[in-house]
There are 2 protein chains.
Amino acid sequence: MPYQAPADEYAFLFEHVVDFDEVQATDRFGEASSDVAQAILTEAAKLCDEVLAPLQRPGDLHPARLENGVVRTSPGFAEGWCAIAEGGWVGMAADPAHGGMGLPMTLTSAVNEMMSGACLSLQLAPLMSQGQIEALEAHASDAIKDLYLPKLIAGEWTGTMNLTEPQAGSDVGALTTRAVPNGDGTYAISGQKIYISWGDHDVAENICHLVLARLPDAPAGTKGISLFLVPKFIPNEDGSLGPRNGVTAVSLEHKIGLHGSPTAVMQYDSATGWLVGPEQGGMAAMFTMMNNARLGVGGQGIGVAEGAYQHALTYAQERKQGRTAVEGGTGTILDHADVRRMLITMKADIFAARAIALSCAKAIDMAHAGAGPEWEARAAFLTPIAKAFGTDTGIAVAETGVQVHGGMGFIEETGAAQYSRDVRVTAIYEGTNGIQAMDLVARKMMDGGETAARLLDEIETCAEEARSVLPDLAEPVWQASESLRETTEWLVAQTDMSERFAGAVPYLRAFARVLGGYMHLRAALADLGGPREALARFYIKRLMPEHVGLLAHAQAGADDLYGLSPDDLAA
Amino acid sequence: MPYQAPADEYAFLFEHVVDFDEVQATDRFGEASSDVAQAILTEAAKLCDEVLAPLQRPGDLHPARLENGVVRTSPGFAEGWCAIAEGGWVGMAADPAHGGMGLPMTLTSAVNEMMSGACLSLQLAPLMSQGQIEALEAHASDAIKDLYLPKLIAGEWTGTMNLTEPQAGSDVGALTTRAVPNGDGTYAISGQKIYISWGDHDVAENICHLVLARLPDAPAGTKGISLFLVPKFIPNEDGSLGPRNGVTAVSLEHKIGLHGSPTAVMQYDSATGWLVGPEQGGMAAMFTMMNNARLGVGGQGIGVAEGAYQHALTYAQERKQGRTAVEGGTGTILDHADVRRMLITMKADIFAARAIALSCAKAIDMAHAGAGPEWEARAAFLTPIAKAFGTDTGIAVAETGVQVHGGMGFIEETGAAQYSRDVRVTAIYEGTNGIQAMDLVARKMMDGGETAARLLDEIETCAEEARSVLPDLAEPVWQASESLRETTEWLVAQTDMSERFAGAVPYLRAFARVLGGYMHLRAALADLGGPREALARFYIKRLMPEHVGLLAHAQAGADDLYGLSPDDLAA
């Protein structure tokens, strides 16, 4: 794998597209100067290229396996984990009080994305730990923080997230795992959790499970859910490992991809757990972890897209097939118009998805830095878009990468297929992309569309300013934003949520398409006459017009969806 | 797999959408009455449901393997093949003079699609034989026909297609396999061919390879290519098997999917071959086989889409998750608007792709029946659309099927993933979908756009007639056709082929989208107020608008594609 982590691309985005200087101007993140950011990106890129990327194929070929109740990970993964941990990458965003680097999420997102492009299966491990660290920082008692956070941040222990049960997936409120007070401040946790990423492994000495469970007599639904920390080994007060806890990986899933990441069914048999946050307050704490993870999963999509793009471009530059008379042609399939269309589409979409994810991360940073509730609202609004569009882009780009390879693409040895198989799950886990879209049009529009409108105002201000220098790009972006505004207003006016949900997925995608146009326009303004202007032109003229069809779909309402009976569907 | 082959759907399409009565009215296909057609569909459906569908999972779990130079196929595949052969399904369209049924391609396509939905890996075997039968019927000497056709039609022997070499894929003219006259009318064939579907197996006693090769001193490129028939065992004059020929499967590919179909590297070492067609006339003969196969591969996409749709619908009707207050709700995820959106999208797209493929098959029948060159031109025009849109639909529908399954979709045991993995190759083999699109905008527009215009006229006539009864559907179809006409005229006006190729893929898809609207409109007219009208409304209002963005892309020209240098792409 000739993977090269895109550190320079991030440096450009920070400076010209997402205004990282606003983050640097805050008290909280004042130390993250451009020099520091650059040094961090360079160091992370080195880890990705030299240590993690070589683990990508072995992880696929030698999946994690369960042997006598213990998970053995893929060859090299333990060393890869150590390199991530020793570099401090697990605790990049964590509080320095417990050993973290206290860096902004903007930078953390960049590094996470670069790692996922190198080896997605392994990168999922620190991503889970990061989410757990954030949840504990926000909701755990000081005693838990003091005992667990230094270990998690140092990567000596890892974290997992236990929500799903066989009958409780998207409907997490249906879960039945029980927590019974032991009388000594701890709880006995019993039940089964499924799809637990890195639920067991041999890369670190302890595994800390954050588990949603229900206390005796708790009310039904999400209201009755509490959150518990359940370590594999119960730590002593000094952090040394005590007795084995009653939690076991009972099986691993046989998945399409992501073979290096052990996905376990976890059995809890009166396992000792500690409450995190208040009783019945589990969902709030879990949402901290999930929102973090949602942006992180969006970044996984983008990272895999980057890897798949580089892989396809390398192939295209080497493969000779057919002749196309092109000035300055390379004599390879890169000369063919359709191969170029595929590769430039990949590149243009990666740029859009990455810029959107970074904007979301920046909004999180600004909110954390106390810059105001508007930033918090923006972060909440952009999170489902970053997750769904990032992962849809990952899937689409990896698919296109297979297609660029022609017949070779269908052959596993080529490696193109693995990107496609690995990334597929990102549209499903941490809330399917359908759930993201429903979140966007329901919860994230409870402000009457104010946050959306502010984003659209920003787009149109930029487009108006760009009109004199790049009229052929500024005008369509402005128009697209206005179309999006109309549909947004229509959605907000629907009080029956089914009307909104019916068009939620196409609406989310249309929003991303238009945001992507804005991001490309900003890049073009910073590189007039250069390749970024050319890439922006490709995106705005060829890819952004997709929003027209999507908005028609988004505004079509629910009637037609329920006009067909189950019998009609089966006919 | 609860697969039910969609025989009734075909009966509806024959009667109301593709006017099968026109085929029945020809002398050549007069015997294919509606009763006969219905009986055939019913019989084929039974084979699919009872014999072939149960082979789908075993084919994936127990791939074909190469042992001591012989390919052992998946469990049950030999029996499955026998059932296909004994039912006469290999020779459905073949000349009755050699044992075929002489049925129209319309009907053959329907049966092929139903079989591919049941078990794609196995269905590929008869599809290859059918293409070979058609090529031999059109181009082989009487001696070859008399010896080979009865065996191929009866399914005692199977056929393969040998074009690709490591350095000659899309650019078939680059092939180097040599054919040296033996002096006795036969030729010694030497070289290596790759990606040979069913190149070796144990389900029938002999395998007949159609091989493209180059005679000594043949001109470079496609002009110098000849076609040879190379049997695995050289038959005696009475059809009994003689000596083993110098052709061997040297390895099998490890593929993303389609594990039950052995994809072989074939080595020819002075293998004895017989010329098919004139010397240096190989490409014409091969195109007969390829055009047949292209429509067939489009049908594979549709068949898999049908299987994936049924699989996802069954899951949705059983899976309880979350609550949605819907009148007459089922209490399953089918009540959720977004799940409905996914399932109805699948169903609506399958209908469109199937109707387009059938229209192509009908045009082939009309051309074969001597109904005029316009039908031949239409068949040629629709073939790349049927292939690319059918397979893109197969991939998209199978992907959506995975998504409907949520977390279960990523787990192999569920079976949803297999559809997605199996169907992926259909966008690649028999000419990638990019090649199909280039064929459409170049060769298939050498008539100055006349064939396209005739199709658009037909669409608009229908839309005008429908205006009084279904104004909200007729008007957008008419408008879409006009937009498509404008872009078609723009394309035809481009003399630099790069300008056409730059937008070929989005143009092909836009054409399919609009054709799909027309097909849905016809179905709605036959079912006013019924579920087909509701499905048509969903398609025309939500999916067809995609053509707007696609046509903008199609008409954007080549400049932007070549404005980025290889260095820019790698930056």
# chains A, B, ... in the order shown; residues from 1 in each chain; ligands from 1

$ select_by_dssp --residues "stretch 247-488 of chain B" --states "alpha helix (DSSP H)" --output "ChimeraX atom specification"
/B:282-318,337-368,373-404,416-423,433-441,450-466,471-488

$ interface_residues --of "chain B" --to "chain A" --cutoff "6 Å" --atoms "only C-alpha atoms" --output "list of chain:residue names"
B:Asp171, B:His254, B:Lys255, B:Ile256, B:Gln321, B:Gly322, B:Ala337, B:Asp338, B:Gly406, B:Phe410, B:Ile411, B:Glu412, B:Ile428, B:Phe501, B:Ala502, B:Arg542, B:Pro545, B:Glu546, B:Gly549, B:His553

$ atom_distance --atom1 "atom CA of B:Met346" --atom2 "atom CA of A:Arg513"
22.9 Å

$ atom_distance --atom1 "atom CA of B:Leu61" --atom2 "atom CA of B:Thr73"
11.6 Å

$ residues_around --residues "stretch 238-251 of chain A" --least-positions-apart "6" --cutoff "8 Å" --atoms "only C-alpha atoms" --output "PyMOL selection string"
chain A and resi 66+69-71+147-148+151+199-200+206+230-232+264-272

$ closest_residue --among "B:Ser226, B:Thr391, B:Ser129, B:Ser116" --to "B:Tyr187" --atoms "only C-alpha atoms"
B:Ser226

$ closest_residue --among "A:Val297, A:Met114, A:Ala466, A:Ile189" --to "A:Ala523" --atoms "only C-alpha atoms"
A:Ala466

$ atom_distance --atom1 "atom CA of B:Thr177" --atom2 "atom CA of B:Ala293"
22.4 Å

$ residues_around --residues "stretch 41-53 of chain B" --least-positions-apart "2" --cutoff "10 Å" --atoms "only C-alpha atoms" --output "number ranges by chain"
B: 1-8, 10-11, 35-39, 55-57, 76-77, 79-81, 83-84, 87, 89, 107-108, 110-112, 114-120, 122-123, 307

$ residues_around --residues "B:Arg522" --least-positions-apart "3" --cutoff "6 Å" --atoms "only C-alpha atoms" --output "NGL selection string"
:B and (17 or 519 or 525)

$ write_last_selection --atoms "N, CA, C and O atoms" --output "short mmCIF file (atom, residue, chain, number, x, y, z; two decimals), in the first residue's frame"
data_model
loop_
_atom_site.label_atom_id
_atom_site.label_comp_id
_atom_site.auth_asym_id
_atom_site.auth_seq_id
_atom_site.Cartn_x
_atom_site.Cartn_y
_atom_site.Cartn_z
N VAL B 17 -46.32 -3.09 -20.95
CA VAL B 17 -45.21 -2.12 -21.03
C VAL B 17 -44.36 -2.29 -22.29
O VAL B 17 -43.98 -1.30 -22.91
N MET B 519 -41.39 4.05 -18.81
CA MET B 519 -41.87 2.70 -18.52
C MET B 519 -42.86 2.72 -17.34
O MET B 519 -43.90 2.06 -17.37
N LEU B 525 -50.54 3.79 -16.50
CA LEU B 525 -51.71 3.89 -17.39
C LEU B 525 -52.51 2.59 -17.39
O LEU B 525 -53.72 2.59 -17.62
#

$ residues_around --residues "A:Pro58" --least-positions-apart "4" --cutoff "7 Å" --atoms "only C-alpha atoms" --output "ChimeraX atom specification"
/A:62,74-75

$ select_by_dssp --residues "stretch 218-334 of chain B" --states "strand (DSSP E)" --output "PyMOL selection string"
chain B and resi 225-231+233-235+241-244+247-252+263-276

$ closest_residue --among "A:Met445, A:Ala312, A:Ile302, A:Ala416" --to "A:Gly394" --atoms "only C-alpha atoms"
A:Ile302

$ closest_residue --among "A:Glu113, A:Val441, A:Arg454, A:Gly301" --to "A:Leu491" --atoms "only C-alpha atoms"
A:Val441

$ residues_around --residues "stretch 92-100 of chain B" --least-positions-apart "3" --cutoff "12 Å" --atoms "only C-alpha atoms" --output "PyMOL selection string"
chain B and resi 28-29+32+37+40-41+44+84-89+103-112+126-127+129-138+142+144-155+292+361+364-365+368

$ write_last_selection --atoms "N, CA and C atoms" --output "compact mmCIF listing (two decimals), in the first residue's frame"
# COMPACT_ATOMS: atom_id res chain seq x y z
N ARG B 28 -41.67 -15.27 -37.33
CA ARG B 28 -40.62 -16.03 -36.67
C ARG B 28 -41.02 -16.49 -35.27
N PHE B 29 -41.72 -15.63 -34.54
CA PHE B 29 -42.03 -15.95 -33.16
C PHE B 29 -43.53 -16.15 -32.91
N ALA B 32 -44.85 -18.25 -30.01
CA ALA B 32 -44.68 -17.82 -28.60
C ALA B 32 -45.92 -17.07 -28.13
N ALA B 37 -45.88 -18.40 -23.36
CA ALA B 37 -44.98 -17.57 -22.57
C ALA B 37 -45.25 -17.77 -21.08
N ILE B 40 -43.98 -21.09 -19.84
CA ILE B 40 -42.52 -21.10 -19.73
C ILE B 40 -42.06 -20.35 -18.50
N LEU B 41 -42.65 -19.18 -18.27
CA LEU B 41 -42.27 -18.40 -17.09
C LEU B 41 -42.57 -19.18 -15.81
N ALA B 44 -40.03 -22.03 -15.45
CA ALA B 44 -38.70 -21.52 -15.09
C ALA B 44 -38.69 -21.04 -13.64
N ILE B 84 -30.88 -27.28 -15.15
CA ILE B 84 -30.98 -26.22 -16.16
C ILE B 84 -30.93 -26.83 -17.56
N ALA B 85 -29.98 -27.73 -17.76
CA ALA B 85 -29.79 -28.34 -19.08
C ALA B 85 -31.00 -29.19 -19.47
N GLU B 86 -31.45 -30.00 -18.55
CA GLU B 86 -32.56 -30.90 -18.87
C GLU B 86 -33.86 -30.14 -19.11
N GLY B 87 -34.01 -28.99 -18.47
CA GLY B 87 -35.20 -28.17 -18.71
C GLY B 87 -35.16 -27.49 -20.07
N GLY B 88 -34.01 -27.57 -20.74
CA GLY B 88 -33.90 -26.94 -22.05
C GLY B 88 -33.57 -25.46 -21.98
N TRP B 89 -33.22 -24.99 -20.80
CA TRP B 89 -33.04 -23.54 -20.60
C TRP B 89 -31.78 -22.99 -21.25
N LEU B 103 -37.11 -19.74 -29.08
CA LEU B 103 -37.97 -18.73 -28.42
C LEU B 103 -37.37 -17.33 -28.56
N PRO B 104 -38.20 -16.32 -28.44
CA PRO B 104 -37.69 -14.95 -28.55
C PRO B 104 -36.76 -14.59 -27.39
N MET B 105 -35.90 -13.60 -27.64
CA MET B 105 -34.96 -13.13 -26.61
C MET B 105 -35.72 -12.48 -25.46
N THR B 106 -36.87 -11.92 -25.75
CA THR B 106 -37.68 -11.31 -24.68
C THR B 106 -37.93 -12.34 -23.58
N LEU B 107 -38.33 -13.51 -24.00
CA LEU B 107 -38.64 -14.56 -23.04
C LEU B 107 -37.35 -15.13 -22.42
N THR B 108 -36.35 -15.30 -23.26
CA THR B 108 -35.07 -15.81 -22.77
C THR B 108 -34.48 -14.88 -21.71
N SER B 109 -34.57 -13.59 -21.97
CA SER B 109 -34.04 -12.62 -21.01
C SER B 109 -34.76 -12.73 -19.68
N ALA B 110 -36.08 -12.91 -19.76
CA ALA B 110 -36.86 -13.02 -18.52
C ALA B 110 -36.39 -14.22 -17.71
N VAL B 111 -36.21 -15.33 -18.38
CA VAL B 111 -35.80 -16.55 -17.67
C VAL B 111 -34.38 -16.40 -17.14
N ASN B 112 -33.50 -15.84 -17.96
CA ASN B 112 -32.12 -15.64 -17.49
C ASN B 112 -32.08 -14.77 -16.24
N PRO B 126 -24.86 -21.11 -17.99
CA PRO B 126 -25.71 -21.13 -19.20
C PRO B 126 -25.64 -19.84 -19.99
N LEU B 127 -25.42 -18.71 -19.32
CA LEU B 127 -25.33 -17.44 -20.06
C LEU B 127 -24.16 -17.46 -21.03
N SER B 129 -22.79 -20.16 -22.32
CA SER B 129 -23.11 -21.11 -23.39
C SER B 129 -24.04 -20.48 -24.42
N GLN B 130 -25.03 -19.74 -23.94
CA GLN B 130 -25.97 -19.10 -24.87
C GLN B 130 -25.27 -18.16 -25.84
N GLY B 131 -24.32 -17.39 -25.30
CA GLY B 131 -23.59 -16.48 -26.16
C GLY B 131 -22.79 -17.24 -27.21
N GLN B 132 -22.20 -18.34 -26.77
CA GLN B 132 -21.41 -19.14 -27.72
C GLN B 132 -22.31 -19.76 -28.79
N ILE B 133 -23.45 -20.24 -28.36
CA ILE B 133 -24.39 -20.83 -29.33
C ILE B 133 -24.76 -19.81 -30.40
N GLU B 134 -25.07 -18.60 -29.95
CA GLU B 134 -25.46 -17.56 -30.92
C GLU B 134 -24.31 -17.23 -31.86
N ALA B 135 -23.10 -17.17 -31.32
CA ALA B 135 -21.95 -16.85 -32.17
C ALA B 135 -21.70 -17.96 -33.19
N LEU B 136 -21.81 -19.22 -32.76
CA LEU B 136 -21.57 -20.33 -33.69
C LEU B 136 -22.69 -20.37 -34.74
N GLU B 137 -23.93 -20.17 -34.33
CA GLU B 137 -25.03 -20.14 -35.29
C GLU B 137 -24.78 -19.12 -36.39
N ALA B 138 -24.23 -17.97 -35.98
CA ALA B 138 -24.07 -16.87 -36.94
C ALA B 138 -22.81 -16.99 -37.78
N ASP B 142 -20.86 -25.23 -41.24
CA ASP B 142 -21.91 -26.22 -40.97
C ASP B 142 -21.36 -27.41 -40.20
N ILE B 144 -18.96 -27.50 -37.98
CA ILE B 144 -18.85 -27.15 -36.56
C ILE B 144 -20.23 -27.07 -35.93
N LYS B 145 -21.13 -26.42 -36.63
CA LYS B 145 -22.49 -26.30 -36.09
C LYS B 145 -23.08 -27.67 -35.79
N ASP B 146 -22.97 -28.56 -36.76
CA ASP B 146 -23.60 -29.87 -36.59
C ASP B 146 -22.98 -30.66 -35.45
N LEU B 147 -21.69 -30.49 -35.27
CA LEU B 147 -21.01 -31.26 -34.23
C LEU B 147 -21.22 -30.65 -32.83
N TYR B 148 -21.12 -29.32 -32.76
CA TYR B 148 -21.10 -28.67 -31.44
C TYR B 148 -22.46 -28.21 -30.92
N LEU B 149 -23.27 -27.66 -31.83
CA LEU B 149 -24.50 -27.02 -31.33
C LEU B 149 -25.43 -27.96 -30.56
N PRO B 150 -25.66 -29.18 -31.06
CA PRO B 150 -26.56 -30.05 -30.29
C PRO B 150 -26.04 -30.32 -28.87
N LYS B 151 -24.73 -30.44 -28.74
CA LYS B 151 -24.16 -30.71 -27.42
C LYS B 151 -24.27 -29.49 -26.50
N LEU B 152 -23.99 -28.32 -27.07
CA LEU B 152 -24.07 -27.09 -26.26
C LEU B 152 -25.51 -26.81 -25.86
N ILE B 153 -26.42 -26.99 -26.81
CA ILE B 153 -27.83 -26.71 -26.54
C ILE B 153 -28.40 -27.67 -25.51
N ALA B 154 -27.96 -28.92 -25.59
CA ALA B 154 -28.44 -29.91 -24.62
C ALA B 154 -27.76 -29.75 -23.25
N GLY B 155 -26.72 -28.93 -23.20
CA GLY B 155 -26.03 -28.73 -21.93
C GLY B 155 -25.08 -29.86 -21.60
N ASN B 292 -24.90 -10.24 -27.06
CA ASN B 292 -25.78 -11.15 -26.34
C ASN B 292 -25.44 -11.12 -24.85
N ALA B 361 -34.45 -6.47 -25.39
CA ALA B 361 -34.64 -7.85 -25.88
C ALA B 361 -35.70 -7.89 -26.97
N ILE B 364 -34.32 -6.74 -30.19
CA ILE B 364 -33.51 -7.81 -30.81
C ILE B 364 -34.43 -8.79 -31.53
N ASP B 365 -35.50 -9.18 -30.88
CA ASP B 365 -36.46 -10.10 -31.51
C ASP B 365 -37.04 -9.53 -32.79
N HIS B 368 -34.46 -9.67 -35.43
CA HIS B 368 -34.29 -11.05 -35.91
C HIS B 368 -35.47 -11.48 -36.76
